[in-house]
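Peer 1: To start, I am sharing the structure in question, which I have written as structure tokens.
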Amino acid sequence: MNIHEYQGKDILRKFGVAVPKGIVAFSPDEAKQAAEQLFSEQGSNVVVVKAQIHAGGRGKAGGVKLAKNPEEAREIASKMLGATLVTHQTGPEGKEVKRLLVEEGMNIDKEFYVGITLDRATSNNVLMVSTEGGMEIEKVAEETPEKLLKIQIHPLHGIQAFQARQAAFFLGLEGDNFKNGIRFMTALYNAYMSIDASLAEINPLVVTKEGRVLALDAKINFDSNALFRHKDYLELRDTSEEDPFEVEASKSNLNYVRLDGNVGCMVNGAGLAMATMDMIQLAGGKPANFLDVGGGASPETVKEGFKIIMSDKNVKAILVNIFGGIVRCDRVAGGVIEAAKKVGLNLPVIVRLEGTNAEVAQKMLDESGLNLIAANGLRDAARKVNEALAG
Ligand code: GDP
Ligand code: MN
């Protein structure tokens with residue numbers, strides 16, 4: 001689960017990670033009030049108005065603006081709110097700005113990159129630091145890997161003092177900045193662990209001319225499988241930032257990820273779903289989604305899955321690939337038939353049912369009067385999908 005920058009910073013602050021003072025605003029007037037408060041409290045001479053969307057690259061796209069007085073903050077806010085921001089991370093359709101973060105302005109001396117995420121290759125969390133702050137870190141990793149230091153953190157030992165020092169040293173920090181840098185890395189790692197994050201990315205981490213070391217930006221992703229331990233963070237979810245199909249699917253407890261192909265897939269079990277997508281690809285097609293309706297899929301979940309797949313306009317054919325183990329094939333067939341009748345089936349649907357009561361299910365599908373194409377095995381199914389696509 002993704003959250004907004006201001007929410008991430010609020011969490012980090014609680015764990016002693018240095019972040020600027022900031023106030024969220026939902027309207028131009030709130031932005032003005034927030035700026036007034038920051039000017040009076042901080043005695044700072046500038047505030048920053050930042051668009052809150054679940055995507056980076058806002059700076060270059062005009063989503064981060066400086067204001068020298070509260071009235072200017074209000075003006076910037078009135079232009080930003082309701083506008084659509086297109087950054088290299090939003091895709092061409094962009095994202096509508098509905099919230100702003102008004103923050104005390106910083107006198108930036110240096111910008112760095114700091115990130116923590118899970119390194120699946122080593123099964124460790126890895127702390128990454130780079131002197132190339134504000135840049136796309138993927139680019140840095142590819143083009144100038146010597147400028148990115150990766151420190152493997154042992155899961156039981158946690159971040160060691162020498163590792164935090166190593167990171168601060170790599171960034172060239174000295175004196176108080178060095179000490180503050182160490183404190184920052186350590187606090188960030190502890191926050192990351194405590195909240196079960198899958199990503200904590202600070203880009204940029206800045207050193208100010210006044211000698212403060214703090215997170216100017218914050219991107220926090222939660223490990224969704226651990227959210228049951230953090231029920232209070234669930235309310236931070238902003239579904240307006242998510243794919244509407246995925247939001248709909250999550251309501252029915254379906255594991256659905258939207259992709260950009262044209263073959264809708266309905267499968268039970270993540271492994272079978274991945275194998276199915278591979279087979280489609282091998283046969284020359286492109287999956288429109290990953291959908292695992294679960295090992296114990298009921299006719300209702302099958303129906304929901306069908307509805308979601310059908311509402312994706314890119315879908316030109318559907319492949320149902322269900323192994324009847326816990327769920328019986330005849331019950332799945334019932335769900336398919338019911339859903340197909342309800343949503344008005346006008347696409348070729350290739351169905352492969354295997355396992356418990358597969359023959360009964362086949363008979364039901366044959367007698368349904370619907371245009372369902374039976375497949376025998378996975379290879380046959382993938383082939384029939386592509387035949388159907390070719391017309
Ligand atoms: P992103 O572009 O979406 O990653 O948004 P960031 O929060 O990283 O901000 C982008 C850039 O805006 C930063 O790299 C800074 O250069 C600039 N910026 C953000 N806050 C301040 C600030 O307080 N003072 C100054 N001078 N620049 C800022
Ligand atoms: Mn950033």
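Residues are named by chain letter and number: chains run A, B, ... in the order of the structure tokens, numbers start at 1 in each chain, and ligands are numbered from 1 in the order shown.
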Can you tell me, as number ranges by chain, what residues are no more than 9 Å from A:Ser252 when counting only C-alpha atoms, ignoring any on the same chain fewer than 5 positions away?
Peer 2: A: 301, 304-305
Peer 1: Could those residues be written to a file, using C-alpha atoms, as a compact mmCIF listing (two decimals), in the first residue's frame?
Peer 2:
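Once written, out-v8.txt looks like this:
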# COMPACT_ATOMS: atom_id res chain seq x y z
CA THR A 301 -15.89 -14.66 -6.44
CA GLU A 304 -16.96 -10.81 -9.37
CA GLY A 305 -13.76 -11.65 -11.19
Peer 1: Neighbouring residues of A:Met364 were defined as those with any atom within 9 Å, considering only C-alpha atoms; residues of the same chain fewer than 3 positions away were excluded. Please report them as a list in words.
Peer 2: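 My reading of the contact set: Asp330, Ala333, Gly334, Ile337, Glu359, Val360, Ala361, Glu367 and Ser368 of chain A.
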Peer 1: Would you kindly return, as a list in words, each protein, DNA or RNA residue with an atom no farther than 8 Å from any atom of A:Met80, considering only C-alpha atoms and excluding same-chain residues fewer than 5 positions away?
Peer 2: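 Selected residues are Ala51, Gly63 and Val97 of chain A.
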Peer 1: Within 9 Å of ligand 1, which residues of chain A come that close, and what is the closest atom pair and distance in Å for each? Count only C-alpha atoms and all ligand atoms and give it as JSON lines.
Peer 2:
{"residue": "A:Glu5", "atom": "CA", "partner": "ligand 1", "partner_atom_place_in_ligand_line": "7 (O)", "distance": 8.1}
{"residue": "A:Pro20", "atom": "CA", "partner": "ligand 1", "partner_atom_place_in_ligand_line": "23 (O)", "distance": 8.2}
{"residue": "A:Val46", "atom": "CA", "partner": "ligand 1", "partner_atom_place_in_ligand_line": "23 (O)", "distance": 7.8}
{"residue": "A:Val47", "atom": "CA", "partner": "ligand 1", "partner_atom_place_in_ligand_line": "23 (O)", "distance": 6.7}
{"residue": "A:Val48", "atom": "CA", "partner": "ligand 1", "partner_atom_place_in_ligand_line": "23 (O)", "distance": 5.5}
{"residue": "A:Val49", "atom": "CA", "partner": "ligand 1", "partner_atom_place_in_ligand_line": "20 (N)", "distance": 8.3}
{"residue": "A:Lys50", "atom": "CA", "partner": "ligand 1", "partner_atom_place_in_ligand_line": "7 (O)", "distance": 7.2}
{"residue": "A:Ala51", "atom": "CA", "partner": "ligand 1", "partner_atom_place_in_ligand_line": "3 (O)", "distance": 8.2}
{"residue": "A:Gln52", "atom": "CA", "partner": "ligand 1", "partner_atom_place_in_ligand_line": "3 (O)", "distance": 8.7}
{"residue": "A:Ile53", "atom": "CA", "partner": "ligand 1", "partner_atom_place_in_ligand_line": "3 (O)", "distance": 8.5}
{"residue": "A:His54", "atom": "CA", "partner": "ligand 1", "partner_atom_place_in_ligand_line": "3 (O)", "distance": 9.0}
{"residue": "A:Ala55", "atom": "CA", "partner": "ligand 1", "partner_atom_place_in_ligand_line": "3 (O)", "distance": 6.5}
{"residue": "A:Gly56", "atom": "CA", "partner": "ligand 1", "partner_atom_place_in_ligand_line": "3 (O)", "distance": 3.5}
{"residue": "A:Gly57", "atom": "CA", "partner": "ligand 1", "partner_atom_place_in_ligand_line": "2 (O)", "distance": 3.7}
{"residue": "A:Arg58", "atom": "CA", "partner": "ligand 1", "partner_atom_place_in_ligand_line": "3 (O)", "distance": 3.6}
{"residue": "A:Gly59", "atom": "CA", "partner": "ligand 1", "partner_atom_place_in_ligand_line": "2 (O)", "distance": 3.6}
{"residue": "A:Lys60", "atom": "CA", "partner": "ligand 1", "partner_atom_place_in_ligand_line": "2 (O)", "distance": 6.0}
{"residue": "A:Ala61", "atom": "CA", "partner": "ligand 1", "partner_atom_place_in_ligand_line": "2 (O)", "distance": 7.6}
{"residue": "A:Gly62", "atom": "CA", "partner": "ligand 1", "partner_atom_place_in_ligand_line": "2 (O)", "distance": 8.7}
{"residue": "A:Gly63", "atom": "CA", "partner": "ligand 1", "partner_atom_place_in_ligand_line": "3 (O)", "distance": 7.3}
{"residue": "A:Val64", "atom": "CA", "partner": "ligand 1", "partner_atom_place_in_ligand_line": "12 (O)", "distance": 5.7}
{"residue": "A:Lys65", "atom": "CA", "partner": "ligand 1", "partner_atom_place_in_ligand_line": "12 (O)", "distance": 7.6}
{"residue": "A:Leu66", "atom": "CA", "partner": "ligand 1", "partner_atom_place_in_ligand_line": "24 (N)", "distance": 7.1}
{"residue": "A:Thr87", "atom": "CA", "partner": "ligand 1", "partner_atom_place_in_ligand_line": "3 (O)", "distance": 8.3}
{"residue": "A:Glu103", "atom": "CA", "partner": "ligand 1", "partner_atom_place_in_ligand_line": "23 (O)", "distance": 7.1}
{"residue": "A:Glu104", "atom": "CA", "partner": "ligand 1", "partner_atom_place_in_ligand_line": "23 (O)", "distance": 6.2}
{"residue": "A:Gly105", "atom": "CA", "partner": "ligand 1", "partner_atom_place_in_ligand_line": "23 (O)", "distance": 3.5}
{"residue": "A:Met106", "atom": "CA", "partner": "ligand 1", "partner_atom_place_in_ligand_line": "23 (O)", "distance": 3.8}
{"residue": "A:Asn107", "atom": "CA", "partner": "ligand 1", "partner_atom_place_in_ligand_line": "26 (N)", "distance": 5.7}
{"residue": "A:Ile108", "atom": "CA", "partner": "ligand 1", "partner_atom_place_in_ligand_line": "26 (N)", "distance": 5.7}
{"residue": "A:Glu111", "atom": "CA", "partner": "ligand 1", "partner_atom_place_in_ligand_line": "14 (O)", "distance": 7.1}
{"residue": "A:Gly133", "atom": "CA", "partner": "ligand 1", "partner_atom_place_in_ligand_line": "14 (O)", "distance": 7.2}
{"residue": "A:Gly134", "atom": "CA", "partner": "ligand 1", "partner_atom_place_in_ligand_line": "14 (O)", "distance": 4.5}
{"residue": "A:Met135", "atom": "CA", "partner": "ligand 1", "partner_atom_place_in_ligand_line": "14 (O)", "distance": 8.0}
{"residue": "A:Glu136", "atom": "CA", "partner": "ligand 1", "partner_atom_place_in_ligand_line": "4 (O)", "distance": 8.8}
{"residue": "A:Ile202", "atom": "CA", "partner": "ligand 1", "partner_atom_place_in_ligand_line": "8 (O)", "distance": 8.0}
{"residue": "A:Asn203", "atom": "CA", "partner": "ligand 1", "partner_atom_place_in_ligand_line": "8 (O)", "distance": 5.4}
{"residue": "A:Pro204", "atom": "CA", "partner": "ligand 1", "partner_atom_place_in_ligand_line": "8 (O)", "distance": 5.5}
{"residue": "A:Leu205", "atom": "CA", "partner": "ligand 1", "partner_atom_place_in_ligand_line": "14 (O)", "distance": 8.8}
{"residue": "A:Val206", "atom": "CA", "partner": "ligand 1", "partner_atom_place_in_ligand_line": "15 (C)", "distance": 8.8}
{"residue": "A:Ala215", "atom": "CA", "partner": "ligand 1", "partner_atom_place_in_ligand_line": "7 (O)", "distance": 8.9}
{"residue": "A:Leu216", "atom": "CA", "partner": "ligand 1", "partner_atom_place_in_ligand_line": "7 (O)", "distance": 5.7}
{"residue": "A:Asp217", "atom": "CA", "partner": "ligand 1", "partner_atom_place_in_ligand_line": "7 (O)", "distance": 4.1}
{"residue": "A:Ala218", "atom": "CA", "partner": "ligand 1", "partner_atom_place_in_ligand_line": "7 (O)", "distance": 7.3}
{"residue": "A:Lys219", "atom": "CA", "partner": "ligand 1", "partner_atom_place_in_ligand_line": "4 (O)", "distance": 8.9}
Peer 1: Counting only C-alpha atoms, what is within 9 Å of A:Gly324, bar same-chain residues fewer than 3 positions away, as a PyMOL selection string?
Peer 2: chain A and resi 268+295+327-330+332+353-358
Peer 1: For those residues, write all heavy atoms to a file as a compact mmCIF listing (two decimals), in the first residue's frame.
Peer 2:
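Saved file result.txt follows:
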# COMPACT_ATOMS: atom_id res chain seq x y z
N ASN A 268 -7.26 -19.79 -10.58
CA ASN A 268 -7.16 -19.94 -9.12
C ASN A 268 -5.76 -20.39 -8.72
O ASN A 268 -5.22 -21.34 -9.25
CB ASN A 268 -8.25 -20.87 -8.56
CG ASN A 268 -8.14 -22.29 -9.08
OD1 ASN A 268 -7.54 -22.55 -10.11
ND2 ASN A 268 -8.74 -23.22 -8.36
N GLY A 295 -7.68 -20.24 -3.92
CA GLY A 295 -7.85 -21.68 -3.94
C GLY A 295 -9.27 -22.11 -3.63
O GLY A 295 -9.80 -23.06 -4.20
N VAL A 327 -12.09 -26.13 -4.58
CA VAL A 327 -13.33 -25.73 -5.22
C VAL A 327 -13.68 -26.78 -6.28
O VAL A 327 -12.80 -27.28 -6.98
CB VAL A 327 -13.20 -24.32 -5.84
CG1 VAL A 327 -12.11 -24.26 -6.88
CG2 VAL A 327 -14.52 -23.86 -6.45
N ARG A 328 -14.95 -27.11 -6.39
CA ARG A 328 -15.36 -28.08 -7.40
C ARG A 328 -15.62 -27.38 -8.72
O ARG A 328 -16.19 -26.30 -8.76
CB ARG A 328 -16.62 -28.81 -6.93
CG ARG A 328 -16.36 -29.75 -5.77
CD ARG A 328 -17.64 -30.35 -5.20
NE ARG A 328 -18.85 -29.98 -5.90
CZ ARG A 328 -20.00 -29.67 -5.28
NH1 ARG A 328 -20.06 -29.69 -3.96
NH2 ARG A 328 -21.06 -29.38 -5.97
N CYS A 329 -15.22 -28.04 -9.82
CA CYS A 329 -15.35 -27.42 -11.14
C CYS A 329 -16.78 -27.05 -11.49
O CYS A 329 -17.04 -26.04 -12.14
CB CYS A 329 -14.78 -28.34 -12.21
SG CYS A 329 -13.00 -28.48 -12.14
N ASP A 330 -17.74 -27.87 -11.06
CA ASP A 330 -19.13 -27.57 -11.41
C ASP A 330 -19.59 -26.27 -10.76
O ASP A 330 -20.40 -25.54 -11.33
CB ASP A 330 -20.05 -28.75 -11.04
CG ASP A 330 -19.93 -29.14 -9.58
OD1 ASP A 330 -18.80 -29.12 -9.04
OD2 ASP A 330 -20.96 -29.48 -8.97
N VAL A 332 -17.60 -23.72 -10.12
CA VAL A 332 -16.96 -22.67 -10.90
C VAL A 332 -17.73 -22.43 -12.19
O VAL A 332 -18.02 -21.29 -12.57
CB VAL A 332 -15.49 -23.04 -11.22
CG1 VAL A 332 -14.87 -22.00 -12.17
CG2 VAL A 332 -14.67 -23.14 -9.95
N LEU A 353 -11.19 -26.33 -17.43
CA LEU A 353 -11.46 -26.75 -16.06
C LEU A 353 -10.88 -28.15 -15.90
O LEU A 353 -11.10 -29.02 -16.73
CB LEU A 353 -12.97 -26.79 -15.80
CG LEU A 353 -13.68 -25.43 -15.82
CD1 LEU A 353 -15.18 -25.63 -15.74
CD2 LEU A 353 -13.21 -24.55 -14.69
N GLU A 354 -10.16 -28.34 -14.83
CA GLU A 354 -9.50 -29.61 -14.59
C GLU A 354 -9.68 -29.96 -13.12
O GLU A 354 -9.72 -29.07 -12.28
CB GLU A 354 -8.00 -29.44 -14.91
CG GLU A 354 -7.28 -30.70 -15.31
CD GLU A 354 -7.71 -31.21 -16.67
OE1 GLU A 354 -7.34 -30.59 -17.69
OE2 GLU A 354 -8.43 -32.22 -16.70
N GLY A 355 -9.83 -31.24 -12.84
CA GLY A 355 -9.92 -31.64 -11.43
C GLY A 355 -11.31 -32.13 -11.06
O GLY A 355 -12.06 -32.63 -11.91
N THR A 356 -11.66 -31.92 -9.80
CA THR A 356 -12.90 -32.45 -9.26
C THR A 356 -14.13 -32.01 -10.06
O THR A 356 -14.36 -30.83 -10.26
CB THR A 356 -13.06 -31.98 -7.78
OG1 THR A 356 -11.82 -32.18 -7.11
CG2 THR A 356 -14.16 -32.76 -7.09
N ASN A 357 -14.90 -32.98 -10.50
CA ASN A 357 -16.15 -32.75 -11.24
C ASN A 357 -15.96 -32.00 -12.56
O ASN A 357 -16.84 -31.26 -12.99
CB ASN A 357 -17.17 -32.00 -10.37
CG ASN A 357 -17.78 -32.90 -9.32
OD1 ASN A 357 -17.41 -34.08 -9.23
ND2 ASN A 357 -18.68 -32.37 -8.52
N ALA A 358 -14.80 -32.18 -13.18
CA ALA A 358 -14.53 -31.48 -14.43
C ALA A 358 -15.52 -31.87 -15.52
O ALA A 358 -15.96 -31.03 -16.31
CB ALA A 358 -13.11 -31.74 -14.90
Peer 1: Can you build me a table of stretch 163-205 of chain A residues sitting at most 12 Å from stretch 145-150 of chain A, with the closest atom pair per residue and its distance in Å to one decimal, using only C-alpha atoms, sorted by chain and residue number, as a Markdown table?
Peer 2:
| residue | atom | partner | partner_atom | distance |
| --- | --- | --- | --- | --- |
| A:Gln163 | CA | A:Lys150 | CA | 10.2 |
| A:Ala164 | CA | A:Lys150 | CA | 11.5 |
| A:Gln166 | CA | A:Leu149 | CA | 9.2 |
| A:Ala167 | CA | A:Leu149 | CA | 7.5 |
| A:Ala168 | CA | A:Leu149 | CA | 10.6 |
| A:Phe169 | CA | A:Leu149 | CA | 10.7 |
| A:Phe170 | CA | A:Leu149 | CA | 7.4 |
| A:Leu171 | CA | A:Leu149 | CA | 9.3 |
| A:Gly172 | CA | A:Lys147 | CA | 11.8 |
Peer 1: Quick one: of A:Ile195, A:Val114, A:Ala339, A:Leu345, who's nearest to ligand 2, counting only C-alpha atoms and all ligand atoms?
Peer 2: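 Result for the nearest residue to ligand 2: A:Val114.
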Peer 1: Taking the DSSP secondary structure from the backbone, can you list the residues of stretch 194-240 of chain A that are strand (DSSP E or B), as a list in words?
Peer 2: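 Of stretch 194-240 of chain A, only Ala197, Ser198, Leu199, Ala200, Glu201, Ile202, Asn203, Pro204, Leu205, Val206, Val207, Thr208, Val213, Leu214, Ala215, Lys219, Ile220, Asn221 and Phe222 of chain A fall in strand (DSSP E or B).
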Peer 1: When you look at stretch 37-39 of chain A with a cut-off of 10 Å (counting only C-alpha atoms), what residues show up, excluding the ones that are within fewer than 4 positions of it in the same chain? I need them as JSON, numbers by chain.
Peer 2: {"A": [21, 22, 23, 31, 32, 33, 43, 44, 45, 46, 47, 68, 69, 70, 102, 103, 104, 105]}
Peer 1: Those residues with all heavy atoms, as a CSV table (one decimal), in the first residue's frame please?
Peer 2:
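Result file is selection15.csv:
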chain,number,residue,atom,x,y,z
A,21,LYS,N,8.9,20.9,9.1
A,21,LYS,CA,7.5,21.1,9.6
A,21,LYS,C,6.6,21.3,8.4
A,21,LYS,O,7.0,22.0,7.4
A,21,LYS,CB,7.5,22.4,10.4
A,21,LYS,CG,7.6,22.1,11.9
A,21,LYS,CD,7.1,23.3,12.6
A,21,LYS,CE,7.3,23.0,14.1
A,21,LYS,NZ,7.1,24.1,15.0
A,22,GLY,N,5.5,20.6,8.4
A,22,GLY,CA,4.5,20.8,7.3
A,22,GLY,C,3.1,20.6,7.7
A,22,GLY,O,2.8,20.0,8.7
A,23,ILE,N,2.2,21.1,6.9
A,23,ILE,CA,0.8,21.0,7.2
A,23,ILE,C,0.0,20.7,5.9
A,23,ILE,O,0.3,21.3,4.9
A,23,ILE,CB,0.2,22.4,7.7
A,23,ILE,CG1,1.0,22.7,9.0
A,23,ILE,CG2,-1.3,22.3,8.0
A,23,ILE,CD1,0.8,24.2,9.5
A,31,ALA,N,-4.3,26.3,2.6
A,31,ALA,CA,-2.9,26.4,2.3
A,31,ALA,C,-2.4,27.8,2.8
A,31,ALA,O,-1.3,27.9,3.3
A,31,ALA,CB,-2.7,26.4,0.8
A,32,LYS,N,-3.2,28.8,2.7
A,32,LYS,CA,-2.8,30.1,3.2
A,32,LYS,C,-2.7,30.1,4.7
A,32,LYS,O,-1.6,30.6,5.2
A,32,LYS,CB,-3.9,31.2,2.8
A,32,LYS,CG,-3.5,32.6,3.2
A,32,LYS,CD,-4.6,33.6,2.8
A,32,LYS,CE,-4.2,35.0,3.3
A,32,LYS,NZ,-5.2,36.0,3.0
A,33,GLN,N,-3.6,29.5,5.4
A,33,GLN,CA,-3.5,29.4,6.8
A,33,GLN,C,-2.3,28.6,7.3
A,33,GLN,O,-1.6,29.0,8.2
A,33,GLN,CB,-4.8,28.7,7.4
A,33,GLN,CG,-6.0,29.5,7.5
A,33,GLN,CD,-7.3,28.7,7.7
A,33,GLN,OE1,-7.2,27.6,8.2
A,33,GLN,NE2,-8.4,29.3,7.4
A,43,GLY,N,9.7,31.5,11.6
A,43,GLY,CA,10.5,32.7,11.2
A,43,GLY,C,11.2,32.5,9.9
A,43,GLY,O,12.1,33.2,9.5
A,44,SER,N,10.7,31.4,9.1
A,44,SER,CA,11.4,31.2,7.8
A,44,SER,C,10.8,32.2,6.8
A,44,SER,O,9.7,32.7,7.0
A,44,SER,CB,11.1,29.8,7.4
A,44,SER,OG,9.7,29.5,7.3
A,45,ASN,N,11.6,32.4,5.8
A,45,ASN,CA,11.1,33.4,4.8
A,45,ASN,C,10.5,32.8,3.5
A,45,ASN,O,10.1,33.5,2.6
A,45,ASN,CB,12.3,34.3,4.4
A,45,ASN,CG,13.6,33.5,4.1
A,45,ASN,OD1,13.5,32.3,4.0
A,45,ASN,ND2,14.7,34.2,4.0
A,46,VAL,N,10.4,31.5,3.5
A,46,VAL,CA,9.7,30.9,2.4
A,46,VAL,C,9.1,29.6,2.8
A,46,VAL,O,9.5,28.9,3.7
A,46,VAL,CB,10.8,30.6,1.3
A,46,VAL,CG1,11.8,29.6,1.7
A,46,VAL,CG2,10.2,30.2,-0.1
A,47,VAL,N,7.9,29.3,2.1
A,47,VAL,CA,7.3,27.9,2.3
A,47,VAL,C,7.3,27.2,1.0
A,47,VAL,O,7.4,27.9,-0.1
A,47,VAL,CB,5.9,28.0,2.9
A,47,VAL,CG1,5.9,28.6,4.3
A,47,VAL,CG2,4.9,28.7,2.0
A,68,LYS,N,6.6,33.1,-1.0
A,68,LYS,CA,7.3,34.0,-0.1
A,68,LYS,C,6.4,34.6,0.9
A,68,LYS,O,6.8,35.2,1.9
A,68,LYS,CB,8.0,35.1,-0.9
A,68,LYS,CG,9.2,34.6,-1.6
A,68,LYS,CD,10.0,35.7,-2.3
A,68,LYS,CE,10.1,35.7,-3.8
A,68,LYS,NZ,9.3,34.8,-4.6
A,69,ASN,N,5.1,34.4,0.7
A,69,ASN,CA,4.1,34.9,1.7
A,69,ASN,C,2.8,34.1,1.7
A,69,ASN,O,2.6,33.4,0.7
A,69,ASN,CB,3.8,36.4,1.5
A,69,ASN,CG,3.4,36.7,0.1
A,69,ASN,OD1,2.3,36.2,-0.3
A,69,ASN,ND2,4.1,37.5,-0.6
A,70,PRO,N,2.0,34.2,2.7
A,70,PRO,CA,0.8,33.3,2.7
A,70,PRO,C,-0.1,33.6,1.5
A,70,PRO,O,-0.7,32.6,1.0
A,70,PRO,CB,0.1,33.8,4.0
A,70,PRO,CG,1.2,34.3,4.9
A,70,PRO,CD,2.2,34.9,3.9
A,102,VAL,N,2.0,21.9,2.7
A,102,VAL,CA,2.7,23.2,2.8
A,102,VAL,C,3.7,23.0,3.8
A,102,VAL,O,3.4,22.6,5.0
A,102,VAL,CB,1.7,24.3,3.2
A,102,VAL,CG1,2.4,25.7,3.2
A,102,VAL,CG2,0.5,24.4,2.2
A,103,GLU,N,5.0,23.4,3.5
A,103,GLU,CA,6.1,23.0,4.3
A,103,GLU,C,7.0,24.2,4.5
A,103,GLU,O,7.2,25.0,3.6
A,103,GLU,CB,6.8,21.8,3.6
A,103,GLU,CG,7.5,20.9,4.5
A,103,GLU,CD,8.0,19.7,3.7
A,103,GLU,OE1,8.8,19.9,2.8
A,103,GLU,OE2,7.6,18.6,4.1
A,104,GLU,N,7.7,24.2,5.6
A,104,GLU,CA,8.8,25.2,5.8
A,104,GLU,C,9.8,25.0,4.7
A,104,GLU,O,10.2,23.9,4.4
A,104,GLU,CB,9.4,25.1,7.2
A,104,GLU,CG,10.0,23.8,7.5
A,104,GLU,CD,10.9,23.7,8.7
A,104,GLU,OE1,11.6,24.7,9.0
A,104,GLU,OE2,10.9,22.7,9.4
A,105,GLY,N,10.3,26.1,4.1
A,105,GLY,CA,11.3,26.1,3.0
A,105,GLY,C,12.6,25.8,3.6
A,105,GLY,O,13.0,26.2,4.7
